[in-house]
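The file input-v8.cif comes next; it holds mmCIF, C-alpha atoms.
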```cif
data_final
#
loop_
_atom_site.label_atom_id
_atom_site.label_comp_id
_atom_site.auth_asym_id
_atom_site.auth_seq_id
_atom_site.Cartn_x
_atom_site.Cartn_y
_atom_site.Cartn_z
CA MET A 1127 -3.69 33.44 -3.98
CA THR A 1128 -3.28 29.75 -3.32
CA SER A 1129 -2.64 27.59 -6.34
CA PRO A 1130 -4.34 24.19 -6.50
CA GLN A 1131 -0.87 22.66 -6.18
CA ALA A 1132 -0.08 24.59 -3.00
CA GLU A 1133 -3.49 23.68 -1.60
CA ILE A 1134 -2.85 19.96 -2.13
CA GLU A 1135 0.61 20.26 -0.62
CA ASP A 1136 -0.90 21.99 2.37
CA LEU A 1137 -3.56 19.28 2.76
CA ILE A 1138 -0.91 16.55 2.63
CA ALA A 1139 1.13 18.37 5.29
CA ARG A 1140 -1.94 18.59 7.53
CA ILE A 1141 -2.76 14.92 6.97
CA ALA A 1142 0.78 14.07 8.09
CA MET A 1143 -0.16 15.64 11.43
CA GLY A 1144 -3.31 13.53 11.67
CA ASP A 1145 -5.83 16.11 10.46
CA ARG A 1146 -8.93 14.13 9.46
CA ALA A 1147 -10.75 17.12 8.01
CA ALA A 1148 -7.80 17.72 5.67
CA PHE A 1149 -7.95 14.04 4.71
CA ARG A 1150 -11.58 14.37 3.74
CA LEU A 1151 -10.89 17.54 1.76
CA LEU A 1152 -8.06 15.87 -0.11
CA TYR A 1153 -10.40 12.99 -0.87
CA GLU A 1154 -12.99 15.42 -2.24
CA ARG A 1155 -10.40 17.19 -4.38
CA THR A 1156 -8.56 14.20 -5.79
CA SER A 1157 -10.59 10.99 -5.52
CA ALA A 1158 -12.30 11.37 -8.92
CA LYS A 1159 -8.97 11.73 -10.71
CA LEU A 1160 -7.41 8.87 -8.77
CA PHE A 1161 -10.45 6.64 -9.25
CA GLY A 1162 -10.26 7.38 -12.97
CA VAL A 1163 -6.63 6.21 -12.95
CA CYS A 1164 -7.51 3.01 -11.04
CA LEU A 1165 -10.34 2.29 -13.49
CA ARG A 1166 -8.05 2.87 -16.45
CA VAL A 1167 -5.54 0.35 -15.12
CA LEU A 1168 -7.99 -2.25 -13.84
CA ASP A 1169 -11.03 -1.85 -16.11
CA ASP A 1170 -13.11 -3.30 -13.26
CA ARG A 1171 -15.16 -1.14 -10.94
CA ALA A 1172 -15.07 -3.37 -7.86
CA LEU A 1173 -11.31 -3.81 -8.03
CA ALA A 1174 -10.82 -0.12 -8.76
CA GLU A 1175 -12.78 0.70 -5.60
CA GLU A 1176 -10.51 -1.59 -3.62
CA ALA A 1177 -7.44 -0.02 -5.17
CA LEU A 1178 -8.72 3.46 -4.35
CA GLN A 1179 -9.19 2.34 -0.76
CA ASP A 1180 -5.56 1.15 -0.73
CA VAL A 1181 -4.50 4.53 -2.09
CA PHE A 1182 -6.18 6.59 0.59
CA MET A 1183 -5.00 4.25 3.35
CA LYS A 1184 -1.47 4.82 2.07
CA ILE A 1185 -1.96 8.57 1.80
CA TRP A 1186 -2.98 8.67 5.46
CA HIS A 1187 0.00 6.61 6.58
CA ARG A 1188 2.62 8.02 4.28
CA ALA A 1189 1.72 11.70 4.16
CA GLY A 1190 4.67 12.33 6.48
CA GLN A 1191 7.05 10.88 3.91
CA TYR A 1192 5.90 13.20 1.17
CA ARG A 1193 8.34 16.02 0.54
CA VAL A 1194 7.63 19.14 -1.38
CA ASN A 1195 10.19 18.89 -4.16
CA GLY A 1196 9.08 21.23 -6.90
CA PHE A 1197 7.20 18.45 -8.64
CA SER A 1198 3.44 18.42 -8.61
CA PRO A 1199 1.96 16.75 -5.51
CA MET A 1200 -0.52 15.21 -7.94
CA THR A 1201 2.38 13.16 -9.30
CA TRP A 1202 2.84 11.59 -5.90
CA LEU A 1203 -0.88 10.82 -5.65
CA ILE A 1204 -1.17 9.55 -9.22
CA THR A 1205 1.90 7.34 -8.72
CA LEU A 1206 0.35 5.87 -5.57
CA ALA A 1207 -2.92 5.23 -7.41
CA ARG A 1208 -1.31 3.78 -10.52
CA ASN A 1209 0.92 1.48 -8.46
CA ALA A 1210 -1.91 0.32 -6.17
CA ALA A 1211 -4.04 -0.46 -9.22
CA VAL A 1212 -1.21 -2.31 -10.98
CA ASP A 1213 -0.59 -4.38 -7.84
CA ARG A 1214 -4.29 -5.35 -7.73
CA ARG A 1215 -4.27 -6.13 -11.45
CA ARG A 1216 -1.24 -8.38 -11.19
CA ARG A 1217 -2.67 -10.17 -8.18
CA ARG A 1218 -5.90 -10.77 -10.12
CA ASP A 1219 -4.05 -11.98 -13.21
CA ALA A 1220 -1.95 -14.32 -11.07
CA GLY A 1221 -5.17 -15.84 -9.68
CA GLY A 1222 -4.41 -14.69 -6.15
CA ARG A 1223 -0.82 -15.93 -6.17
CA ALA A 1224 1.85 -13.42 -5.37
CA ALA A 1225 3.01 -12.04 -8.69
CA GLY A 1226 6.48 -10.64 -8.65
CA ALA A 1227 7.62 -7.72 -6.61
CA PRO A 1228 4.97 -5.31 -5.40
CA ILE A 1229 5.84 -2.07 -7.12
CA ASP A 1230 4.63 -0.10 -4.21
CA ALA A 1231 8.20 0.64 -3.17
CA ALA A 1232 8.57 3.15 -5.95
CA ASP A 1233 6.05 5.36 -4.15
CA LEU A 1234 8.53 6.03 -1.42
CA VAL A 1235 11.16 7.75 -3.47
CA ALA A 1236 11.22 11.35 -2.40
CA ASP A 1237 14.30 13.46 -2.50
CA PRO A 1238 13.86 16.41 -0.18
CA ALA A 1239 16.48 18.53 -1.91
CA PRO A 1240 15.25 19.93 -5.21
CA GLY A 1241 17.90 19.68 -7.89
CA PRO A 1242 18.38 22.17 -10.70
CA ALA A 1243 16.27 20.07 -13.03
CA GLN A 1244 13.20 20.47 -10.84
CA GLN A 1245 13.55 24.21 -10.66
CA VAL A 1246 12.85 24.62 -14.32
CA GLN A 1247 9.18 25.25 -13.82
CA ALA A 1248 7.83 26.68 -17.01
CA ARG A 1249 8.25 23.58 -19.15
CA SER A 1250 5.34 21.32 -19.74
CA GLU A 1251 6.26 17.73 -18.91
CA ALA A 1252 3.20 16.40 -20.69
CA GLN A 1253 4.13 18.08 -23.95
CA ALA A 1254 7.77 17.04 -23.66
CA LEU A 1255 6.84 13.41 -23.08
CA ALA A 1256 4.32 13.41 -25.92
CA ASP A 1257 6.87 14.90 -28.32
CA CYS A 1258 9.55 12.41 -27.33
CA MET A 1259 7.18 9.43 -27.41
CA ALA A 1260 6.30 10.48 -30.97
CA GLU A 1261 9.97 10.01 -31.92
CA LEU A 1262 9.87 6.34 -30.89
CA PRO A 1263 8.70 3.63 -33.29
CA GLY A 1264 4.94 3.42 -32.83
CA ASP A 1265 4.85 -0.07 -31.36
CA ARG A 1266 7.52 0.80 -28.78
CA ALA A 1267 5.70 3.94 -27.64
CA GLU A 1268 2.58 1.82 -27.29
CA MET A 1269 4.49 -0.68 -25.11
CA VAL A 1270 5.63 2.10 -22.79
CA ARG A 1271 2.10 3.45 -22.60
CA ARG A 1272 0.64 0.01 -21.85
CA ALA A 1273 3.29 -0.71 -19.24
CA TYR A 1274 2.37 2.45 -17.37
CA LEU A 1275 -1.39 2.59 -17.91
CA GLU A 1276 -2.18 -1.13 -17.84
CA GLY A 1277 0.70 -2.49 -15.82
CA VAL A 1278 1.59 -5.07 -18.47
CA THR A 1279 4.73 -7.08 -17.76
CA TYR A 1280 7.57 -8.08 -20.06
CA ALA A 1281 6.08 -11.59 -20.17
CA GLU A 1282 2.77 -10.19 -21.45
CA LEU A 1283 4.49 -7.93 -23.94
CA ALA A 1284 6.55 -10.87 -25.17
CA SER A 1285 3.55 -13.13 -25.68
CA SER A 1286 1.45 -10.41 -27.31
CA THR A 1287 4.22 -9.66 -29.81
CA GLY A 1288 5.31 -13.28 -30.22
CA THR A 1289 8.89 -12.49 -29.26
CA LYS A 1290 11.26 -13.67 -26.59
CA LEU A 1291 11.14 -11.88 -23.28
CA ASN A 1292 14.74 -10.73 -23.48
CA THR A 1293 14.24 -9.41 -26.99
CA VAL A 1294 11.27 -7.32 -25.87
CA ARG A 1295 13.25 -6.13 -22.91
CA THR A 1296 16.19 -5.12 -25.06
CA TRP A 1297 13.89 -3.18 -27.42
CA LEU A 1298 12.15 -1.44 -24.62
CA ARG A 1299 15.31 -0.52 -22.74
CA ARG A 1300 16.73 1.01 -25.92
CA SER A 1301 13.51 2.96 -26.37
CA LEU A 1302 13.59 4.14 -22.76
CA LEU A 1303 17.15 5.37 -23.24
CA GLN A 1304 16.14 7.16 -26.40
CA LEU A 1305 13.24 8.71 -24.51
CA ARG A 1306 15.54 9.82 -21.71
CA GLU A 1307 17.95 11.34 -24.15
CA CYS A 1308 15.16 13.21 -25.91
CA LEU A 1309 13.64 14.44 -22.64
CA SER A 1310 16.94 15.84 -21.41
CA ARG A 1311 17.49 17.87 -24.57
CA MET B 1150 26.57 -8.49 -6.84
CA SER B 1151 24.63 -8.50 -10.07
CA GLY B 1152 23.05 -5.31 -11.26
CA PRO B 1153 21.91 -3.82 -14.54
CA ASP B 1154 25.54 -2.82 -15.15
CA ASP B 1155 26.64 -6.44 -15.40
CA SER B 1156 23.96 -7.70 -17.73
CA ASP B 1157 24.06 -7.86 -21.52
CA LEU B 1158 21.04 -5.61 -21.72
CA PRO B 1159 21.52 -2.08 -22.99
CA GLY B 1160 20.97 0.98 -20.87
CA GLY B 1161 22.46 0.24 -17.45
CA TRP B 1162 21.04 2.11 -14.48
CA ASP B 1163 19.46 4.78 -16.68
CA ALA B 1164 17.15 2.29 -18.35
CA ALA B 1165 16.63 0.44 -15.07
CA ALA B 1166 15.30 3.65 -13.45
CA ALA B 1167 12.56 3.86 -16.08
CA GLU B 1168 11.83 0.13 -15.77
CA TYR B 1169 11.58 0.56 -12.01
CA VAL B 1170 8.98 3.29 -12.33
CA LEU B 1171 7.04 1.28 -14.92
CA GLY B 1172 7.11 -1.76 -12.62
CA LEU B 1173 8.94 -3.80 -15.25
CA LEU B 1174 12.07 -4.58 -13.26
CA PRO B 1175 12.23 -8.24 -12.17
CA GLU B 1176 11.99 -8.81 -8.44
CA ASP B 1177 15.63 -9.68 -7.84
CA GLU B 1178 16.77 -6.63 -9.77
CA VAL B 1179 14.39 -4.42 -7.78
CA ARG B 1180 16.32 -5.25 -4.62
CA VAL B 1181 19.67 -4.45 -6.20
CA PHE B 1182 18.24 -1.28 -7.71
CA GLU B 1183 16.78 -0.08 -4.42
CA ALA B 1184 20.05 -0.66 -2.61
CA ARG B 1185 21.74 1.54 -5.16
CA LEU B 1186 18.93 4.08 -5.04
CA ALA B 1187 19.48 4.59 -1.33
CA GLN B 1188 22.99 5.89 -1.99
CA ASP B 1189 22.71 7.49 -5.40
CA ARG B 1190 21.04 10.86 -5.43
CA GLU B 1191 21.21 11.28 -9.19
CA LEU B 1192 19.43 7.97 -9.61
CA ARG B 1193 16.73 9.14 -7.18
CA GLN B 1194 16.27 12.28 -9.26
CA ASP B 1195 16.04 10.14 -12.38
CA VAL B 1196 13.30 8.03 -10.78
CA GLN B 1197 11.45 11.17 -9.75
CA ALA B 1198 11.72 12.63 -13.21
CA TRP B 1199 10.33 9.43 -14.77
CA GLU B 1200 7.46 9.43 -12.27
CA GLU B 1201 6.70 13.00 -13.21
CA TYR B 1202 6.81 12.35 -16.94
CA PHE B 1203 4.90 9.07 -16.90
CA ALA B 1204 2.23 10.49 -14.59
CA THR B 1205 1.33 12.84 -17.43
CA LEU B 1206 0.16 9.78 -19.39
CA THR B 1207 -2.87 9.90 -17.09
CA ASP B 1208 -3.76 13.46 -18.21
CA PRO B 1209 -6.34 12.24 -20.76
CA VAL B 1210 -7.83 9.74 -18.27
CA PRO B 1211 -11.31 11.02 -17.39
CA GLU B 1212 -12.25 11.74 -13.79
CA VAL B 1213 -14.86 9.39 -12.35
CA ALA B 1214 -16.50 10.09 -9.01
CA PRO B 1215 -16.08 7.02 -6.81
CA PRO B 1216 -19.17 5.67 -5.01
CA PRO B 1217 -19.63 7.05 -1.48
CA GLN B 1218 -18.94 3.72 0.22
CA VAL B 1219 -15.25 3.99 -0.64
CA LEU B 1220 -14.72 6.99 1.65
CA ARG B 1221 -16.87 5.34 4.32
CA ARG B 1222 -14.79 2.18 4.20
CA VAL B 1223 -11.52 4.09 4.28
CA GLU B 1224 -12.58 6.20 7.23
CA ALA B 1225 -13.96 3.19 9.06
CA ALA B 1226 -10.69 1.32 8.57
CA LEU B 1227 -8.57 4.29 9.62
CA PHE B 1228 -10.60 5.97 12.33
CA GLY B 1229 -12.81 3.20 13.67
CA ARG B 1230 -16.44 2.54 13.16
CA ALA B 1231 -18.23 4.68 10.64
CA ARG B 1232 -21.41 6.40 11.78
CA LYS B 1233 -24.31 4.08 11.29
CA PRO B 1234 -27.55 5.17 9.68
CA LEU B 1235 -30.18 6.20 12.22
CA TRP B 1236 -32.34 3.12 11.86
CA GLN B 1237 -29.33 0.97 12.69
CA GLN B 1238 -28.70 3.00 15.80
CA VAL B 1239 -32.29 2.56 16.95
CA MET B 1240 -32.60 -1.07 15.95
CA PRO B 1241 -30.69 -2.55 18.89
CA TYR B 1242 -33.21 -1.00 21.29
CA LEU B 1243 -36.11 -2.38 19.33
CA LEU B 1244 -34.49 -5.76 19.10
CA GLY B 1245 -33.38 -5.65 22.72
CA ALA B 1246 -36.74 -6.70 24.07
CA VAL B 1247 -37.01 -9.56 21.62
CA ALA B 1248 -33.46 -10.68 22.35
CA ALA B 1249 -33.98 -10.54 26.12
CA ALA B 1250 -37.02 -12.75 25.78
CA ALA B 1251 -35.12 -15.16 23.55
CA ILE B 1252 -32.17 -15.33 25.94
CA ALA B 1253 -34.43 -15.95 28.90
CA TRP B 1254 -36.17 -18.66 26.94
CA ALA B 1255 -32.84 -20.25 26.00
CA ALA B 1256 -31.54 -19.99 29.55
CA VAL B 1257 -34.59 -21.72 30.95
CA PHE B 1258 -34.41 -24.54 28.47
CA SER B 1259 -30.69 -25.05 28.50
CA GLY B 1260 -30.32 -24.55 32.22
CA LEU B 1261 -27.13 -22.66 31.53
CA LEU B 1262 -27.44 -19.01 32.43
CA SER B 1263 -23.90 -17.87 32.14
CA LEU B 1264 -23.41 -14.12 32.32
CA ASP B 1265 -19.70 -14.04 33.01
CA THR B 1266 -18.81 -13.48 29.36
CA GLU B 1267 -15.36 -11.98 29.12
CA PRO B 1268 -14.91 -8.94 26.90
CA HIS B 1269 -13.15 -9.03 23.56
CA LEU B 1270 -9.87 -7.13 23.64
CA TYR B 1271 -8.14 -5.19 20.89
CA ALA B 1272 -4.87 -3.46 20.16
CA GLU B 1273 -4.01 -1.40 17.11
CA LEU B 1274 -0.48 -1.77 15.81
CA GLN B 1275 1.25 0.18 13.10
CA SER B 1276 4.58 0.39 11.45
CA GLY B 1277 4.97 3.66 9.60
CA GLU B 1278 7.95 2.52 7.62
CA ARG B 1279 6.11 -0.38 5.99
CA GLY B 1280 2.68 1.18 6.07
CA LEU B 1281 1.56 -1.80 8.13
CA GLU B 1282 -1.76 -1.46 9.88
CA LEU B 1283 -2.64 -4.35 12.15
CA LEU B 1284 -5.51 -4.98 14.47
CA ALA B 1285 -4.88 -7.54 17.20
CA HIS B 1286 -8.08 -9.06 18.56
CA TRP B 1287 -8.48 -11.47 21.46
CA ALA B 1288 -11.72 -13.43 21.34
CA PRO B 1289 -12.08 -15.12 24.75
CA ASP B 1290 -15.20 -17.10 23.82
CA SER B 1291 -13.34 -19.03 21.15
CA GLU B 1292 -9.92 -18.63 22.82
CA THR B 1293 -8.56 -17.33 19.55
CA PHE B 1294 -6.00 -14.61 19.05
CA MET B 1295 -6.38 -12.85 15.71
CA VAL B 1296 -4.32 -10.32 13.84
CA ARG B 1297 -5.97 -8.61 10.94
CA ARG B 1298 -3.77 -6.85 8.40
CA ASP B 1299 -5.60 -3.77 7.14
CA ALA B 1300 -2.76 -2.24 5.17
CA GLY B 1301 0.85 -2.78 4.24
CA ASP B 1302 2.86 -5.69 2.95
CA LEU B 1303 4.83 -8.32 4.78
CA PRO B 1304 8.61 -8.13 4.40
CA ALA B 1305 10.07 -10.46 1.79
CA GLU B 1306 12.04 -13.36 3.25
CA ARG B 1307 11.46 -12.21 6.83
CA SER B 1308 8.72 -13.12 9.28
CA LEU B 1309 6.67 -10.94 11.58
CA GLU B 1310 6.23 -12.55 14.99
CA ILE B 1311 3.48 -11.78 17.49
CA TRP B 1312 4.43 -11.57 21.18
CA LEU B 1313 2.38 -11.35 24.31
CA ILE B 1314 3.95 -9.44 27.19
CA PRO B 1315 1.77 -10.20 30.23
CA GLY B 1316 3.28 -7.53 32.53
CA PRO B 1317 6.10 -5.03 32.92
CA GLU B 1318 8.52 -7.62 34.31
CA ALA B 1319 7.35 -10.57 32.24
CA ALA B 1320 9.25 -12.11 29.34
CA PRO B 1321 7.52 -11.98 25.95
CA ILE B 1322 5.65 -15.14 24.99
CA SER B 1323 5.53 -15.99 21.30
CA LEU B 1324 1.98 -16.39 19.98
CA GLY B 1325 3.04 -17.18 16.42
CA LEU B 1326 3.84 -15.66 13.04
CA ILE B 1327 1.74 -13.35 10.90
CA VAL B 1328 0.61 -15.27 7.83
CA GLU B 1329 0.29 -14.06 4.23
CA ASP B 1330 -3.49 -13.99 4.44
CA GLN B 1331 -5.20 -10.88 5.66
CA LEU B 1332 -6.23 -12.62 8.87
CA THR B 1333 -3.92 -14.57 11.14
CA SER B 1334 -5.86 -16.72 13.57
CA ILE B 1335 -4.12 -18.48 16.46
CA PRO B 1336 -5.81 -20.84 18.94
CA VAL B 1337 -4.50 -20.11 22.44
CA PRO B 1338 -4.14 -22.63 25.29
CA ASP B 1339 -5.93 -21.91 28.61
CA GLU B 1340 -2.80 -20.95 30.54
CA ILE B 1341 -1.93 -18.20 28.04
CA ALA B 1342 -5.58 -17.15 27.66
CA ALA B 1343 -5.59 -16.24 31.35
CA LEU B 1344 -2.80 -13.71 30.75
CA MET B 1345 -4.63 -11.68 28.07
CA PRO B 1346 -6.42 -8.99 30.11
CA GLY B 1347 -4.10 -5.98 30.37
CA ALA B 1348 -1.28 -7.64 28.47
CA THR B 1349 0.76 -5.88 25.79
CA VAL B 1350 1.05 -7.17 22.23
CA ALA B 1351 4.28 -6.61 20.30
CA ILE B 1352 5.24 -7.34 16.70
CA SER B 1353 8.85 -7.98 15.84
CA GLU B 1354 10.62 -8.61 12.58
CA GLU B 1355 12.45 -11.93 12.66
CA PRO B 1356 14.34 -14.21 10.31
CA SER B 1357 12.06 -16.24 8.08
CA GLY B 1358 10.28 -18.86 10.21
CA GLY B 1359 10.44 -16.82 13.39
CA SER B 1360 12.84 -16.02 16.19
CA PRO B 1361 15.50 -18.75 16.47
CA THR B 1362 15.91 -18.10 20.22
CA GLY B 1363 12.33 -18.03 21.52
CA ALA B 1364 12.71 -14.36 22.41
CA PRO B 1365 12.42 -11.35 20.06
CA THR B 1366 15.67 -10.84 18.15
CA GLY B 1367 14.72 -8.33 15.46
CA PRO B 1368 13.39 -4.79 15.59
CA ILE B 1369 10.08 -4.31 17.40
CA LEU B 1370 7.72 -2.69 14.89
CA ASP B 1371 5.09 -1.62 17.38
CA THR B 1372 3.48 -2.51 20.69
CA GLY B 1373 -0.02 -1.94 21.97
CA GLN B 1374 -1.95 -2.76 25.12
CA LEU B 1375 -5.00 -4.97 24.79
CA ALA B 1376 -8.12 -3.08 25.75
CA GLU B 1377 -11.86 -3.19 25.27
CA ARG B 1378 -13.37 -1.11 22.51
#
```
Is it possible to express this structure as structure tokens?
Amino acid sequence: MTSPQAEIEDLIARIAMGDRAAFRLLYERTSAKLFGVCLRVLDDRALAEEALQDVFMKIWHRAGQYRVNGFSPMTWLITLARNAAVDRRRRRDAGGRAAGAPIDAADLVADPAPGPAQQVQARSEAQALADCMAELPGDRAEMVRRAYLEGVTYAELASSTGTKLNTVRTWLRRSLLQLRECLSR
Amino acid sequence: MSGPDDSDLPGGWDAAAAEYVLGLLPEDEVRVFEARLAQDRELRQDVQAWEEYFATLTDPVPEVAPPPQVLRRVEAALFGRARKPLWQQVMPYLLGAVAAAAIAWAAVFSGLLSLDTEPHLYAELQSGERGLELLAHWAPDSETFMVRRDAGDLPAERSLEIWLIPGPEAAPISLGLIVEDQLTSIPVPDEIAALMPGATVAISEEPSGGSPTGAPTGPILDTGQLAER
């Protein structure tokens, strides 16, 4: 039996070879989830549509760079969608000016060799993250969540909390370390 | 070299990996981080692990079916023209008779019946590494050479230069640099316009501001021959 994960991996592999039918199938399987992610980040239908277009253009061109690594292929797709949406959001907020580094580069990270950590399959990442986020002070966990789901920057976090940028950054980096430590337990 | 290790901030590379995935790392630190990432496998695994964990934050996000035009636009951009609805396919024939009459009318009154319109020429260019998708388009009627950027980002602090190679033995002629906007539009003098049919277009990566020598110096990202569509 083919798992949904294996099916998506197979579709991505076929897309890498230029298979348009596989591209359309992948779109049918994943576009609603990815559009949901774009909408969550952008809260604007027209921009979310544009971001989704960016995502599928990238999927077509970068399918060959995707490596099966033991992680869910949905992570790759969700990361592409989240980053495309955050890029659009930051461009909008900057009024069309280039706003900092495009974070699109992070999509490219793919280590072909699975390490021991990835082979531990049975664990639920979602549960682990939720448990560890719950150990952070509430406002810090919220900052992490907003950074990922809304693409807020340190500057925005600083002004919304009325603190200096470097102070916010110090807080958040400590929290991220704490999170990392908790997740590797 | 300054990296997270040198700063007063807590967390070093471990915290930077999470910031990188969240998109919180300042631009200059991104470059330093990526240079390190290229050599540090453990750091790559850290980044992957953060991507995996943070992606689960989207678990509660509801699925929303996108409107059908998104797939149409994507496929049109990637694979060429989308299929038109039937009435649009028929319309040119219906309009043909009207247009012919109008053109004849215009020709009579202007006294200029010029049928030697040259075809528009196109070349598709790609650079897999950057995800760049370019469409070069020569419009002979306006003597304008255009490059449309459909996907991908321009390199930071480098320029992409457009070259015309009129024949197998000919030296590349610089047409100009690709601009930040989606569409680069370059007016072309008559003597270069005459070279367009059958010529090859190349894109090279050059130092900021373009090739210092007048010939390509950086890597050629892609080439394509101009042809009718």
#### Entry: Contact set, chain A to chain B: 7 Å, only C-alpha atoms, as a ChimeraX atom specification
/A:1157-1159,1161-1163,1175,1179,1182-1184,1187,1201,1204-1205,1226-1227,1229,1232,1235,1237,1251-1252,1255,1273-1274,1279-1280,1296,1299-1300,1302-1303
The residue from B:Met1345, B:Leu1313, B:Ala1251, B:Ala1184 with the smallest atom-to-atom distance to Glu1267 (chain B), counting all atoms listed in the file, is B:Met1345
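The two atoms in question, CA of Thr1287 (chain A) and CA of Gly1264 (chain A), are spaced 13.4 Å apart.
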Go through the shown structure with the PyMOL selection byres ((chain B and resi 1283-1298) around 7) and write out the matching residues as an NGL selection string.
:B and (1267 or 1269-1275 or 1281-1282 or 1299-1300 or 1331-1337 or 1342)
I'd like to see the residues matched by the PyMOL selection byres ((chain A and resi 1263) around 12) on this file, and ideally I'd get them as a VMD selection string.
chain A and resid 1258 to 1262 1264 to 1270 1297 to 1298 1300 to 1302 1304 to 1305
Checklist entry - Interatomic distance between CA of Glu1340 (chain B) and CA of Leu1375 (chain B)? => result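 Distance between the two atoms: 17.1 Å.
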Tell me which residues the PyMOL selection byres ((chain B and resi 1357-1365) around 9) grabs here, as a PDB file with C-alpha atoms, keeping the file's coordinate frame.
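Output saved as result11.pdb:
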```pdb
ATOM      1  CA  ALA B1305      10.070 -10.460   1.790  1.00  0.00           C
ATOM      2  CA  GLU B1306      12.040 -13.360   3.250  1.00  0.00           C
ATOM      3  CA  ARG B1307      11.460 -12.210   6.830  1.00  0.00           C
ATOM      4  CA  SER B1308       8.720 -13.120   9.280  1.00  0.00           C
ATOM      5  CA  LEU B1309       6.670 -10.940  11.580  1.00  0.00           C
ATOM      6  CA  GLU B1310       6.230 -12.550  14.990  1.00  0.00           C
ATOM      7  CA  TRP B1312       4.430 -11.570  21.180  1.00  0.00           C
ATOM      8  CA  ALA B1320       9.250 -12.110  29.340  1.00  0.00           C
ATOM      9  CA  PRO B1321       7.520 -11.980  25.950  1.00  0.00           C
ATOM     10  CA  ILE B1322       5.650 -15.140  24.990  1.00  0.00           C
ATOM     11  CA  SER B1323       5.530 -15.990  21.300  1.00  0.00           C
ATOM     12  CA  GLY B1325       3.040 -17.180  16.420  1.00  0.00           C
ATOM     13  CA  LEU B1326       3.840 -15.660  13.040  1.00  0.00           C
ATOM     14  CA  ILE B1352       5.240  -7.340  16.700  1.00  0.00           C
ATOM     15  CA  SER B1353       8.850  -7.980  15.840  1.00  0.00           C
ATOM     16  CA  GLU B1354      10.620  -8.610  12.580  1.00  0.00           C
ATOM     17  CA  GLU B1355      12.450 -11.930  12.660  1.00  0.00           C
ATOM     18  CA  PRO B1356      14.340 -14.210  10.310  1.00  0.00           C
ATOM     19  CA  THR B1366      15.670 -10.840  18.150  1.00  0.00           C
ATOM     20  CA  GLY B1367      14.720  -8.330  15.460  1.00  0.00           C
ATOM     21  CA  PRO B1368      13.390  -4.790  15.590  1.00  0.00           C
ATOM     22  CA  ILE B1369      10.080  -4.310  17.400  1.00  0.00           C
TER      23      ILE B1369
END
```
Quick one: residues within 12 Å of Leu1137 (chain A), only C-alpha atoms, excluding same-chain residues fewer than 2 positions away - as a count of residues only?
32
